[in-house]
Every structure is written in C-alpha cells, then in structure tokens.
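Here the structure comes first, spelled out in structure tokens, and everything after it is commentary.
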Amino acid sequence: MSTDKTIGNHTAYIGRSVPRPNARRLLQGRGVFVDDLRLPRLAHVVFFRSPHAHARITRLDFSLARAMPGVIAVVDGKALAEYCTPWVAVLGHLKGIKSPPQHAIAIERACWAGEAVAAVVAETRAQAEDAAEHIDAEWETLPVVVDMEDSLAGGVVIHPELEDNLCFKRELDTGEVDAMFAKADLVVEETFDIGRHTGVTLEGRSILADYNPAEQTLVAYHSTQAPHMMQDILSRHLNIPEANVRVIAKDVGGSYGIKVHVYPDEMATAALAVMLRRPVKFVADRLESFVTDIHAREHKVRLRLACTRDGEILAFDLDDLTAIGPYSVYPRTSGIEGNQVVNLTGGPYKHKHYRARLNVVFTNKNVTCQYRAVGHPIAVAVTEGIVDLAAEKLGIDPAEFRRRNLIPDDAYPYTSASGMKFEKLSHHQALDKLLALMDYERLRAEQAELRKHGVYRGIGIAAMIEVTNPSPAFYGVGGARISSQDGATLRLEPTGMVTCMVSVTEQGQGTEGIFAQIVADAVGVAIDQVRIVTGDTALTPYGGGTWASRGAGIGGEAVLQAGKALRANILEVAAAILKSGGEMLDVSEGSIVDMRTAEVKLSLSELGRVAYFRPDTLPMEFQSELMVTRHYTPRSYGFAFTNGFQASLVEVDADTGFVKLLKHWCVEDCGTIINPLLVDEQIRGGVVQGIGAALFEECVYSDEGQLMNGNMADYLVPMAAEMPDIVIGHVVTPTATSELGAKGAGEAGTAGAPGAVMNAINDALRPFGARVSAQPATPQRILEALGKV
C-alpha cells in the first residue's frame, strides 16, 4: 500500500520511511540534555520530602544543614511563597471541579509521602543531599486516606475547607437506559480494577533556571513537552513579564505525558533562581521520580451491557471511581482522565443508549494526571472486556460480535452516544485487515487442538478509538492558557538550505524527521538541505507543543502551509531574477526549473546570493521575502479521531499463572502516514507500554500511604525479553480538516494493548471458567481466579 502524498510537482518524501535526522547525533553521544548543561555560578537544589502520607509540620530546624560545606541556602515553603504564587488546577468546562491551592513547597502540612517541605541549595548535588540529611523535622501525623472508596465515603476529609474529598463528578444519561436493560435478552456486568502506574522516562524530570536580575529575565532549560505553556506559567507565578521568560527544551529523553504538567519542585527551582539571583538546577533521581512524577489510571469501573440474543448491543451503563492524590494537577487538571473514560467507553459501537457516572476523589498518595493515551486504555479495556463477556455468554465469536455492532464505515460523520463527533473512522476495514493479518481462523483451530493437550492459549481482540489533534474545545474553552495551535517559521538561507523553526517539541518520537520530510516536499529541496529547530520560545512561533498525538496533525499542517508559502515567495524572486513569468517555474531538488522542460534555470544558492547580497540587481519596486510564518488550529471537529484494532496471542500456564506473550497485532488508521517507519516505531512502543500496564506495572501503596515498590527492582517494566513480535498494519483515511490529512499515532498502541492482552488471558482461562478483571494481570491474580491460592 502506497502512502506517498505529492505536494507540488516533485518527488514526495511524505509517505517514505526516511531515517530520523537526529539519530546519528544522539547515537554518537552528542545529545544535550538538561543535566549536561553547566553555567557559571551554577547551584544545585535537593528537596527535603515528607516521609509521611499526611502530617502537619510542627518544626523544621535548618541550623545544622545551613552549616554544612557548600550550602548556599535552605528554605521552607513560607519563604519561597514570597517569590512564587500558588495555583489551583480547575477548568471551567469541568463543571464543579475543585482543588485547594498548591504551593511550590508545602506550607504547614504535607499531603503525600514525597511532597517537598524544604529545599537545600548547594554548590554541588552531593553537598545538597548531605545537608538535607541534617534537617531536623518534627511532625504531627494526621489521618490517612488511601482507598478511594473510603475517600468517597468521606470519613476523613483531606482538605476540610473543601468539605469533602470529591474533586469532580460527572453524570451522563442519553435517556431510556433502564428501558433498554429491561427489554434485553442478556445483561452482563463486570467490575474492573485498573492499577495506578507511571511513565518511567529514560531522562528524569529536570530544569535549570537562570535568572538575570539586571534585565529581570529568566531562562529555563527544561525537559518539557510544552515550552510556551511553561513560559506563561513561569511568568505569571514568578511575576516576570512573559516576554522576559525564555524556555528552552533541548533534547528530551522521553516524556509520555509525564513532562507536560507543572511540578512543584520545578517551580521551586525557578523561584530559587530568582531568590538567589543565580542559576539553579534540579534533576529528579529515580527514587524521587517514583513518588513525584505523576501517576495515572487508578480506577474501579463497574460496567453493564445490555444486548439482544442476536448480539445487538442496546446500552452501556458505566460507574467509574478514580483517585487522583491530594491535588488536581496544574494546569490540565486531574479530572480529564476520568472524563475521557466517560467520553470513550463504548465508542466504536452504534448503540444509542448510554449512562455514565464518574467520581474523582482525593487521596493521600502521589498525584495522578494525564499520561500517554489519557483515559483510552481504561475505556478500551472495560468496553472490550464486557463485549467479550457478552459474546461468550451468547456463544458468538468475539470478532463476529464486534462486526455486528461496529459503526458502519459508510455512516460518517457520526455522533457517538456520549456526544463525540467522528469525522471518518474505518473499524470494519481495520477488523478485516486484522483478521487476515493474524490468520484468525487458523489460530482458532490451532488453539482448539492445543487445548486437547493441556496447552492453554488465548486470542484477545480490542477495538479502539484515539483522540488526536485536539481543538480549543479541549483546554482553551475551560480557561486554561494551553495553546491548541502550532506555528512554523521557514527561512531560505543564502546557501539554499531551509531552516524550519516549529513549536512542536522533539521528545524522541521523530518530530524533527517528519517535519524535515514535509519541508522538503513543500519547498522542493532535498531533505539533507533542511534544518529543524524546536523547543525554544525565543525562536519558534507560539504553539502548544507535544501532547495528545497532535504533533504531525497540527504542527505538520503549519509546516506544510509555511513551506508552500515560502516556495511561492521563492518563485516570485526567481521570476524577478530571470525576468520571466513565474507561473511556468517550479522548485525541484534545490533548483528553479522550467515546469515544461524540467530544465534547471537557477540554483537556490544563487537565488539566495542575489536576494540577500545583490538585491540592487532586482527591480526597484521588488522586495524579497524569504522568511514566512504560518499557524494552524483545528476547528471543524473537537478532535481528529483515529481508530483501529489490536489482537494478542498469549499462553497461560495454569499451574504458575505466568503469561507468555506469543504475538501481537495492531491495525491503525492515523490518516496520512508521513513516515511509515516512525509511525510503526510509535505504535510498537505504545503497545509495549500498554503491555506493561496489562501485565507488570503497578504503584503499590500500603495502608499508611507509603509507596512500597518505588524502585526499578520492584516496579516491573516490560523488557525486550518478554515482548512478542508486534505486527503492524494500516488503513489510511486522511482527515479532510487539513491539507496534509494527518491524524495522530503516538498513543494508539498504548490505548488498545491492555484490553487485547486482558481478553487474550481470559480467552485462555475460558476452559476453567475463570476470569481476571484487574490490571496488571499478575500470576497471583490469575491463580486467585483459578482458585489455586
């Protein structure tokens, strides 16, 4: 299948598997991460964190710490509050959401084990760590709320001023849901427990803040996904004019959504730079990352499905309870994940009746917020889990059950029962391609034969939809200063090369590669003549950055339009130089050519020489414009939804509960595929992350609110040895809302994999009459389901 997309009359780079241009630099160790940076008078900050999940600070004695070698300052939350104002994470369109003010360093009370209550700044990181051990603290421990059902009951209220522990609630009811359940031939119900987990990025969170008091300027070298968002936040909370704040995101060692939030310790680092009038660096080590990087996905979901005996789904009924820690996370809030679960549950199917209840509660654990594929893995897992259960009860093949209920591919545009507007999806095409790709009938026959010999294999299928290219309806409508646009500035250099400055950041996902391809096509130059600049608020146009699978669809469209505009301007200059009509000229492979004969008329380097250094040879009234900026904001739909199917083949050892992953398939429709190699890398990486959630990853807390496995020995992440071959297929349905036609692809693998793996495990357990509905599906939980422990 060809995915080439021609822009103009020259050979297309779009649609080709071009190696990412920054790979060579990174592989040679020439990457520049925050911890690589050294500035004159650089100081290092370490945070003294609460050992208690909930405690009042009765005394902090800094005298010994301040006397330690190399110590520059030791400050508490009250002192730092003079330099950094608190924040409250709410959004106007999440009606009723509430959260208390949060400070950069806690004042008077710590609300989770790991919350910073003091900061030590020293000449070196080691000196700061040594000094922090000499802080003498006294605490009054307070009642702890760890269980989310206990939190909802409200026996202990974490923030008395809020009156209860309910951060946010939402109810949705299309009507006639009870009537649909009353008329149903079959009603199935399941309660799903989804374990909280975290991102475990290769590079820890980090920031180096450099304040210049003479000019009242702040430069923040930040491992972040959203430089312009952070520029705005640092400006407002540190009381520095926004134009005086520069945020630079150089190389970023992975994010997964972890680095798109405001963290108190990072804000404290910037405030300390202002207070001390010198550069200050903070790098989270692995242990503190586990207790401070946002967690995600702690949900208890009760879901019911009503259907006819022929397998027609009549209605879904959802009750979701999720815990977010003691604060809603700024500025995106911690209500979005649960809100997404409500919006996306049942999404691929054509039922019209749906009821949902969501309760988001505070607890004394680390905070949770948006993490790769926000809410999608939960919505897909519970939807596809209950669909599989209904198919089993009716004796209908699970693939056939889905086929009967999927929204028809010719029914679009379509509005789902939850009100989501779909421009164009392709679930039936994706399902057909998946079944052919995996040779479904052969696998079912093989599965039946192996069961006769005591080998229990399972095949799990999961349909998925994914939110990409979010419009202002996602955050802007709620009052958050988070841009839904992206911008690109393109400049033709005198040498004939093209520099592209774009507001989408590079996090390791290949942004620089796809933008180089788009520029090369749009302008008409070779890809090695394109240089990409990202992640610098002083250089790039204003934009949202990297999150919600938006880089290719929004940033890519801005790059395309800027490239076309630059090409048009180049042709105007060429026409002036050649004293001919520009309508018969084109730019191809770095030269001006005659469209009729392909004869080279002028190189871009010669055009650049004339335009920049000899404009006196051009007509008097003519002015070259070889630098252009374009922005793009999606408006036609709230989101550009992508869709697809995943399937997993597993083998379960009924004696040990161990799961062996044999193979995994994903068919995804992300619109125009700019670089098949990078898209497949993104999908495979997402699948691995989703498998981690399904089988391995969970942040385990004690009843006292202590994280019990906050290290790489006890917190299990998927490793190469456990991963199966992951086969990728594509259906291509470009979005008509942009000329490029690209949707997002970064989160699809994560969205569908947990549901496919869970269904495969339950398929393997079917001969035993056992089911697991908790993630991760550990050997312990499988053996419990089998009644063996």
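In the structure tokens, each chain is lettered A, B, ... as it comes, each chain's residues begin at 1, and ligands are numbered from 1 in order of appearance.
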Polymer residues at most 8 Å from A:Thr322, only C-alpha atoms, same-chain spacing of 3 or more positions, as a VMD selection string: chain A and resid 148 297 to 300 338 358 to 361
Output for the residues just chosen: all heavy atoms as a short mmCIF file (atom, residue, chain, number, x, y, z; two decimals), in the first residue's frame:
```
data_model
loop_
_atom_site.label_atom_id
_atom_site.label_comp_id
_atom_site.auth_asym_id
_atom_site.auth_seq_id
_atom_site.Cartn_x
_atom_site.Cartn_y
_atom_site.Cartn_z
N MET A 148 -9.86 4.59 47.61
CA MET A 148 -10.73 5.58 47.00
C MET A 148 -12.19 5.44 47.43
O MET A 148 -12.92 6.44 47.47
CB MET A 148 -10.59 5.58 45.48
CG MET A 148 -10.73 4.28 44.78
SD MET A 148 -10.31 4.52 43.01
CE MET A 148 -10.08 2.83 42.51
N ARG A 297 -4.22 6.34 36.08
CA ARG A 297 -5.01 5.15 35.79
C ARG A 297 -5.44 4.33 37.01
O ARG A 297 -5.65 3.15 36.89
CB ARG A 297 -4.28 4.23 34.81
CG ARG A 297 -3.59 4.92 33.65
CD ARG A 297 -3.84 4.18 32.37
NE ARG A 297 -2.77 4.19 31.41
CZ ARG A 297 -2.45 5.19 30.61
NH1 ARG A 297 -3.13 6.32 30.68
NH2 ARG A 297 -1.49 5.07 29.74
N GLU A 298 -5.60 4.93 38.16
CA GLU A 298 -6.17 4.18 39.30
C GLU A 298 -7.70 4.30 39.23
O GLU A 298 -8.27 5.31 39.62
CB GLU A 298 -5.64 4.71 40.63
CG GLU A 298 -6.14 3.91 41.81
CD GLU A 298 -5.63 4.41 43.13
OE1 GLU A 298 -4.93 5.45 43.17
OE2 GLU A 298 -5.95 3.79 44.18
N HIS A 299 -8.33 3.25 38.73
CA HIS A 299 -9.78 3.29 38.51
C HIS A 299 -10.43 1.99 38.98
O HIS A 299 -9.84 0.90 38.84
CB HIS A 299 -10.10 3.45 37.01
CG HIS A 299 -9.80 4.81 36.47
ND1 HIS A 299 -10.79 5.69 36.08
CD2 HIS A 299 -8.62 5.44 36.23
CE1 HIS A 299 -10.22 6.80 35.63
NE2 HIS A 299 -8.91 6.66 35.70
N LYS A 300 -11.62 2.12 39.49
CA LYS A 300 -12.51 0.99 39.73
C LYS A 300 -13.76 1.25 38.91
O LYS A 300 -14.49 2.21 39.17
CB LYS A 300 -12.85 0.81 41.20
CG LYS A 300 -13.77 -0.40 41.48
CD LYS A 300 -14.14 -0.50 42.95
CE LYS A 300 -12.97 -0.98 43.77
NZ LYS A 300 -12.63 -2.40 43.51
N GLY A 338 -10.63 10.73 33.89
CA GLY A 338 -11.95 10.14 34.11
C GLY A 338 -12.97 10.65 33.11
O GLY A 338 -13.84 9.89 32.65
N LEU A 358 -19.29 9.37 37.05
CA LEU A 358 -17.86 9.48 37.34
C LEU A 358 -17.67 10.21 38.66
O LEU A 358 -18.26 11.27 38.88
CB LEU A 358 -17.15 10.25 36.22
CG LEU A 358 -15.71 10.70 36.50
CD1 LEU A 358 -14.77 9.50 36.56
CD2 LEU A 358 -15.24 11.70 35.45
N ASN A 359 -16.84 9.64 39.53
CA ASN A 359 -16.43 10.31 40.76
C ASN A 359 -14.91 10.32 40.83
O ASN A 359 -14.27 9.26 40.74
CB ASN A 359 -17.00 9.61 41.99
CG ASN A 359 -18.49 9.85 42.15
OD1 ASN A 359 -18.93 10.98 42.36
ND2 ASN A 359 -19.28 8.79 42.05
N VAL A 360 -14.35 11.51 40.97
CA VAL A 360 -12.90 11.70 41.07
C VAL A 360 -12.60 12.18 42.47
O VAL A 360 -13.09 13.25 42.88
CB VAL A 360 -12.41 12.72 40.03
CG1 VAL A 360 -10.90 12.92 40.12
CG2 VAL A 360 -12.82 12.29 38.62
N VAL A 361 -11.81 11.41 43.22
CA VAL A 361 -11.64 11.70 44.64
C VAL A 361 -10.17 11.93 45.01
O VAL A 361 -9.26 11.42 44.35
CB VAL A 361 -12.22 10.57 45.52
CG1 VAL A 361 -13.71 10.44 45.32
CG2 VAL A 361 -11.51 9.24 45.26
#
```
Test item: residues at most 6 Å from stretch 16-18 of chain A, only C-alpha atoms, excluding those fewer than 6 positions along its chain, as a PyMOL selection string: chain A and resi 675-677
Could you write those residues out with N, CA, C and O atoms, as a tab-separated table (two decimals), in the first residue's frame?
```
chain	number	residue	atom	x	y	z
A	675	ASN	N	5.70	9.14	7.68
A	675	ASN	CA	6.89	8.30	7.70
A	675	ASN	C	6.50	6.93	8.27
A	675	ASN	O	6.36	6.79	9.48
A	676	PRO	N	6.28	5.92	7.43
A	676	PRO	CA	5.83	4.61	7.94
A	676	PRO	C	6.75	4.02	8.99
A	676	PRO	O	6.27	3.41	9.95
A	677	LEU	N	8.05	4.21	8.86
A	677	LEU	CA	8.99	3.68	9.84
A	677	LEU	C	8.74	4.28	11.22
A	677	LEU	O	8.65	3.57	12.22
```
Restrict the calculation to only C-alpha atoms, then for each residue of stretch 74-131 of chain A with any atom at most 12 Å from an atom of stretch 217-236 of chain A give the closest atom pair and their distance in Å to one decimal, rows by chain and rising residue number, as JSON lines.
```
{"residue": "A:Tyr83", "atom": "CA", "partner": "A:Leu234", "partner_atom": "CA", "distance": 11.0}
{"residue": "A:Cys84", "atom": "CA", "partner": "A:Leu234", "partner_atom": "CA", "distance": 8.8}
{"residue": "A:Thr85", "atom": "CA", "partner": "A:Arg236", "partner_atom": "CA", "distance": 8.4}
{"residue": "A:Pro86", "atom": "CA", "partner": "A:Arg236", "partner_atom": "CA", "distance": 10.4}
{"residue": "A:Trp87", "atom": "CA", "partner": "A:Ile233", "partner_atom": "CA", "distance": 9.7}
{"residue": "A:Ala104", "atom": "CA", "partner": "A:Leu234", "partner_atom": "CA", "distance": 11.7}
```
Selection from above, C-alpha atoms, as a PDB file, in the first residue's frame, can you write it?
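What follows is the written file part_33.pdb:
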```pdb
ATOM      1  CA  TYR A  83       8.661  34.513  45.142  1.00  0.00           C
ATOM      2  CA  CYS A  84       6.148  32.029  43.709  1.00  0.00           C
ATOM      3  CA  THR A  85       2.376  32.273  43.989  1.00  0.00           C
ATOM      4  CA  PRO A  86       0.246  29.122  44.484  1.00  0.00           C
ATOM      5  CA  TRP A  87      -2.014  27.651  41.826  1.00  0.00           C
ATOM      6  CA  ALA A 104       5.844  25.131  45.226  1.00  0.00           C
TER       7      ALA A 104
END
```
Test item: residues at most 8 Å from A:Gly487, only C-alpha atoms, excluding those fewer than 3 positions along its chain, as a list in words: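 What passes the distance filter is Val502, Ser503, Thr540, Pro541, Tyr542, Gly543, Gly555, Ala558, Val559, Thr629, Arg630, His631 and Tyr632 of chain A.
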Nearby residues (only C-alpha atoms) at most 10 Å from A:Gln429, same-chain spacing under 4 positions excluded, as a ChimeraX atom specification: /A:408-409,425,433-434,644-645,667,669,730-732
Determine, for each residue of stretch 43-130 of chain A having at least one atom at most 12 Å from an atom of stretch 203-207 of chain A, the closest pair of atoms and their separation in Å to one decimal, counting only C-alpha atoms; order by chain and ascending number, as JSON lines.
```
{"residue": "A:Ala43", "atom": "CA", "partner": "A:Ile207", "partner_atom": "CA", "distance": 12.0}
{"residue": "A:His44", "atom": "CA", "partner": "A:Ile207", "partner_atom": "CA", "distance": 10.4}
{"residue": "A:Val45", "atom": "CA", "partner": "A:Ile207", "partner_atom": "CA", "distance": 10.4}
{"residue": "A:Val46", "atom": "CA", "partner": "A:Ser206", "partner_atom": "CA", "distance": 11.8}
```
Per-residue nearest contacts stretch 338-420 of chain A to stretch 178-195 of chain A, cut-off 7 Å, using only C-alpha atoms, as a tab-separated table:
```
residue	atom	partner	partner_atom	distance
A:Val382	CA	A:Phe192	CA	6.8
A:Ile386	CA	A:Glu190	CA	6.7
A:Ala390	CA	A:Val188	CA	6.2
```
Using only N, CA, C and O atoms, please write the residues we just selected to a file, as a PDB file, in the first residue's frame.
```
ATOM      1  N   VAL A 382     -12.279  -1.774  29.452  1.00  0.00           N
ATOM      2  CA  VAL A 382     -13.567  -2.137  30.057  1.00  0.00           C
ATOM      3  C   VAL A 382     -14.614  -2.389  28.979  1.00  0.00           C
ATOM      4  O   VAL A 382     -15.431  -3.316  29.092  1.00  0.00           O
ATOM      5  N   ILE A 386     -16.143  -6.205  28.491  1.00  0.00           N
ATOM      6  CA  ILE A 386     -17.560  -6.539  28.655  1.00  0.00           C
ATOM      7  C   ILE A 386     -18.151  -7.050  27.344  1.00  0.00           C
ATOM      8  O   ILE A 386     -19.041  -7.915  27.333  1.00  0.00           O
ATOM      9  N   ALA A 390     -20.052 -10.646  26.847  1.00  0.00           N
ATOM     10  CA  ALA A 390     -21.362 -10.813  26.215  1.00  0.00           C
ATOM     11  C   ALA A 390     -21.293 -11.821  25.077  1.00  0.00           C
ATOM     12  O   ALA A 390     -22.178 -12.680  24.918  1.00  0.00           O
TER      13      ALA A 390
END
```
Do you have, as CSV, the list of residues of stretch 682-764 of chain A lying at most 12 Å from stretch 649-662 of chain A, each with its nearest atom pair and that distance in Å to one decimal, counting only C-alpha atoms and ordered by chain then number?
```
residue,atom,partner,partner_atom,distance
A:Val688,CA,A:Leu661,CA,11.2
A:Ile691,CA,A:Leu661,CA,9.4
A:Gly692,CA,A:Leu661,CA,11.7
A:Ala694,CA,A:Val659,CA,10.8
A:Leu695,CA,A:Val659,CA,8.3
A:Phe696,CA,A:Val659,CA,10.7
A:Pro718,CA,A:Leu661,CA,11.3
A:Ala720,CA,A:Leu661,CA,11.5
A:Ala721,CA,A:Leu661,CA,10.3
A:Glu722,CA,A:Leu661,CA,7.0
A:Met723,CA,A:Leu661,CA,6.6
A:Pro724,CA,A:Leu662,CA,5.4
A:Asp725,CA,A:Leu662,CA,7.4
A:Ile726,CA,A:Leu662,CA,9.5
A:Val727,CA,A:Leu662,CA,11.6
A:Ala753,CA,A:Leu649,CA,11.4
A:Ala756,CA,A:Leu649,CA,8.8
A:Val757,CA,A:Val650,CA,7.6
A:Met758,CA,A:Val650,CA,9.7
A:Asn759,CA,A:Leu649,CA,9.7
A:Ala760,CA,A:Val650,CA,6.2
A:Ile761,CA,A:Val650,CA,6.7
A:Asn762,CA,A:Val652,CA,9.5
A:Asp763,CA,A:Val650,CA,9.2
A:Ala764,CA,A:Val652,CA,6.4
```
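Note that atom CA of A:Leu91 and atom CA of A:Ile482 are 11.5 Å apart.
Comparing the minimum interatomic distances between A:Gly710 and each of A:Lys601, A:Arg781, A:Arg286, A:Arg481, counting only C-alpha atoms, we find that A:Arg286 sits nearest.
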DSSP-assigned strand (DSSP E or B) members of stretch 557-634 of chain A, reported as a ChimeraX atom specification: /A:585-588,591-594,600-603,627-632
Among the residues A:Glu606, A:Met620, A:Leu626, A:Val32, the one that comes closest to A:Val498 [using only C-alpha atoms]: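 Distance minimum relative to A:Val498 lands on A:Leu626.
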Residue set, stretch 6-45 of chain A restricted to alpha helix (DSSP H), as number ranges by chain: A: 23-27
Long-range neighbours of A:Arg20 as a PyMOL selection string, 10 Å cut-off, only C-alpha atoms, 5 positions minimum in chain: chain A and resi 508-514+516-517+675+677-678
Mind dumping the selected residues with N, CA and C atoms as a compact mmCIF listing (two decimals), in the first residue's frame?
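And here's part-v3.txt as it stands now:
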```
# COMPACT_ATOMS: atom_id res chain seq x y z
N GLY A 508 11.87 12.50 21.26
CA GLY A 508 12.34 11.18 20.90
C GLY A 508 11.40 10.46 19.95
N GLN A 509 10.29 11.11 19.58
CA GLN A 509 9.27 10.46 18.76
C GLN A 509 9.49 10.64 17.27
N GLY A 510 10.48 11.47 16.89
CA GLY A 510 10.76 11.65 15.47
C GLY A 510 10.19 12.91 14.85
N THR A 511 9.81 13.88 15.68
CA THR A 511 9.26 15.14 15.18
C THR A 511 10.16 15.78 14.14
N GLU A 512 11.45 15.87 14.45
CA GLU A 512 12.37 16.53 13.52
C GLU A 512 12.37 15.83 12.17
N GLY A 513 12.24 14.51 12.18
CA GLY A 513 12.26 13.75 10.93
C GLY A 513 11.06 14.04 10.05
N ILE A 514 9.86 14.00 10.63
CA ILE A 514 8.67 14.19 9.79
C ILE A 514 8.56 15.62 9.30
N ALA A 516 11.07 17.59 8.60
CA ALA A 516 12.04 17.72 7.50
C ALA A 516 11.46 17.16 6.21
N GLN A 517 10.72 16.05 6.32
CA GLN A 517 10.10 15.48 5.13
C GLN A 517 9.05 16.42 4.54
N ASN A 675 5.70 9.14 7.68
CA ASN A 675 6.89 8.30 7.70
C ASN A 675 6.50 6.93 8.27
N LEU A 677 8.05 4.21 8.86
CA LEU A 677 8.99 3.68 9.84
C LEU A 677 8.74 4.28 11.22
N LEU A 678 8.61 5.62 11.28
CA LEU A 678 8.40 6.28 12.56
C LEU A 678 7.03 5.98 13.14
```
What's the 12 Å shell around A:Thr597, counting only C-alpha atoms, without same-chain residues fewer than 6 positions away, as a short mmCIF file (atom, residue, chain, number, x, y, z; two decimals) with N, CA, C and O atoms, in the first residue's frame?
```cif
data_model
loop_
_atom_site.label_atom_id
_atom_site.label_comp_id
_atom_site.auth_asym_id
_atom_site.auth_seq_id
_atom_site.Cartn_x
_atom_site.Cartn_y
_atom_site.Cartn_z
N MET A 584 5.35 29.46 -14.90
CA MET A 584 5.93 28.28 -15.54
C MET A 584 7.19 27.80 -14.84
O MET A 584 7.92 26.96 -15.37
N LEU A 585 7.43 28.33 -13.64
CA LEU A 585 8.60 27.92 -12.86
C LEU A 585 8.18 27.03 -11.70
O LEU A 585 7.06 27.11 -11.19
N ASP A 586 9.11 26.19 -11.25
CA ASP A 586 8.86 25.33 -10.11
C ASP A 586 10.17 25.19 -9.34
O ASP A 586 11.26 25.51 -9.85
#
```
List every residue of stretch 329-437 of chain A that has an atom at most 7 Å from any atom of stretch 108-119 of chain A, and for each one report the closest atom pair and its distance in Å to one decimal, counting only C-alpha atoms, with rows sorted by chain and then by increasing residue number, as CSV.
```
residue,atom,partner,partner_atom,distance
A:Asn364,CA,A:Trp112,CA,5.0
A:Lys365,CA,A:Trp112,CA,5.2
A:Asn366,CA,A:Trp112,CA,5.9
```
Option closest in space to A:Leu394, from A:Thr546, A:Thr633, A:Ser50, A:Thr308 [counting only C-alpha atoms]: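 Looking only at the distances to A:Leu394, the closest residue turns out to be A:Thr308.
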